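**Q** Mind having a look at this structure? Questions to follow.
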Amino acid sequence: GERAWVRSMHEGLRPLAAEDGTYVNAVAEFDTDDSVQSAYGDRFALLRAVKAAYDPGNLFRHNANIPPA
């Protein structure tokens, strides 16, 4: 029952997961900006563009900071 459901959910979500399996909300501190970029993978450039549009002053910079483009 439940195990089969969890396994099917895991397989269904796998294509949406980061390749390295990093869940940024579970990381206490990032060593470098490169580790943040690797956590987001291909989405990092898009996130930087969004950040530039909505937070150009980088007010929300704590945790996994994405600098504005």
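We name chains A, B, ... following the order of the structure tokens; residues begin at 1 in each chain, and ligands are numbered from 1 as shown.
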DSSP on the backbone, then: every residue of chain A marked alpha helix (DSSP H), written as a ChimeraX atom specification.
**A** /A:2-13,33-40,44-54
**Q** Give me the residues near A:Leu46 as a list in words, where near means some atom within 10 Å (using only C-alpha atoms) and where sequence neighbours in that chain fewer than 6 positions away do not count.
**A**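 These residues fall inside the cut-off: Tyr40, Ala52 and Ala69 of chain A.
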**Q** Could you jot down the atom CA of A:Leu47 to atom CA of A:Phe60 separation for me, Å, one decimal place?
**A**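 Going from atom CA of A:Leu47 over to atom CA of A:Phe60, I get 12.9 Å.
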**Q** What is the distance, in Å and to one decimal place, between atom CA of A:Arg48 and atom CA of A:Asp34?
**A**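 Here the two named atoms are 13.4 Å from each other.
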**Q** Report, in Å to a single decimal, how far apart atom CA of A:Tyr23 and atom CA of A:Ala45 are.
**A** 17.9 Å
**Q** Show me, as a PyMOL selection string, the residues that have an atom within 10 Å of A:Gly57 when counting only C-alpha atoms, minus same-chain residues fewer than 5 positions from it.
**A** chain A and resi 51-52+67-68
**Q** Include C-alpha atoms and write out the residues we just selected as a PDB file, in the first residue's frame.
**A**
```pdb
ATOM      1  CA  LYS A  51      16.077  38.006  -8.994  1.00  0.00           C
ATOM      2  CA  ALA A  52      17.281  40.973 -11.061  1.00  0.00           C
ATOM      3  CA  PRO A  67      22.804  37.108  -6.975  1.00  0.00           C
ATOM      4  CA  PRO A  68      20.853  39.303  -9.417  1.00  0.00           C
TER       5      PRO A  68
END
```
**Q** Applying 8 Å and only C-alpha atoms, which residues near A:Ala64 remain after dropping the ones on its own chain fewer than 5 positions away? List them as a ChimeraX atom specification.
**A** /A:24-25,29-30,36
**Q** Let me see the file: selected residues, all heavy atoms, as an mmCIF file, in the first residue's frame.
**A**
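Final output, part18.cif:
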```cif
data_model
loop_
_atom_site.group_PDB
_atom_site.id
_atom_site.type_symbol
_atom_site.label_atom_id
_atom_site.label_comp_id
_atom_site.auth_asym_id
_atom_site.auth_seq_id
_atom_site.Cartn_x
_atom_site.Cartn_y
_atom_site.Cartn_z
ATOM 1 N N VAL A 24 18.067 22.583 -1.432
ATOM 2 C CA VAL A 24 18.714 23.769 -0.875
ATOM 3 C C VAL A 24 18.185 24.170 0.487
ATOM 4 O O VAL A 24 18.915 24.771 1.279
ATOM 5 C CB VAL A 24 18.644 24.961 -1.848
ATOM 6 C CG1 VAL A 24 19.440 24.678 -3.099
ATOM 7 C CG2 VAL A 24 17.229 25.330 -2.187
ATOM 8 N N ASN A 25 16.951 23.881 0.818
ATOM 9 C CA ASN A 25 16.424 24.261 2.118
ATOM 10 C C ASN A 25 16.983 23.398 3.240
ATOM 11 O O ASN A 25 16.822 23.739 4.413
ATOM 12 C CB ASN A 25 14.900 24.188 2.124
ATOM 13 C CG ASN A 25 14.291 25.287 1.294
ATOM 14 O OD1 ASN A 25 14.891 26.338 1.102
ATOM 15 N ND2 ASN A 25 13.105 25.052 0.775
ATOM 16 N N GLU A 29 24.707 25.847 5.292
ATOM 17 C CA GLU A 29 25.546 26.889 4.700
ATOM 18 C C GLU A 29 26.139 26.376 3.406
ATOM 19 O O GLU A 29 26.508 25.213 3.297
ATOM 20 C CB GLU A 29 26.686 27.272 5.632
ATOM 21 C CG GLU A 29 26.268 28.050 6.842
ATOM 22 C CD GLU A 29 27.470 28.530 7.643
ATOM 23 O OE1 GLU A 29 28.535 28.756 7.046
ATOM 24 O OE2 GLU A 29 27.323 28.660 8.864
ATOM 25 N N PHE A 30 26.253 27.272 2.449
ATOM 26 C CA PHE A 30 26.920 26.938 1.203
ATOM 27 C C PHE A 30 28.340 27.463 1.265
ATOM 28 O O PHE A 30 28.587 28.575 1.736
ATOM 29 C CB PHE A 30 26.184 27.564 0.006
ATOM 30 C CG PHE A 30 24.923 26.833 -0.351
ATOM 31 C CD1 PHE A 30 23.700 27.238 0.145
ATOM 32 C CD2 PHE A 30 24.971 25.731 -1.181
ATOM 33 C CE1 PHE A 30 22.540 26.567 -0.183
ATOM 34 C CE2 PHE A 30 23.815 25.045 -1.514
ATOM 35 C CZ PHE A 30 22.602 25.466 -1.018
ATOM 36 N N VAL A 36 26.008 26.972 -4.753
ATOM 37 C CA VAL A 36 24.618 27.386 -4.940
ATOM 38 C C VAL A 36 24.220 27.163 -6.394
ATOM 39 O O VAL A 36 23.162 26.612 -6.687
ATOM 40 C CB VAL A 36 24.413 28.864 -4.545
ATOM 41 C CG1 VAL A 36 23.002 29.315 -4.867
ATOM 42 C CG2 VAL A 36 24.714 29.075 -3.080
#
```
**Q** Would you please work out which residue, of A:Asn65, A:Gly1, A:Arg14, A:Ser8, is nearest to A:Gln37 when using only C-alpha atoms?
**A**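 The shortest atom-to-atom distance to A:Gln37 comes from A:Asn65.
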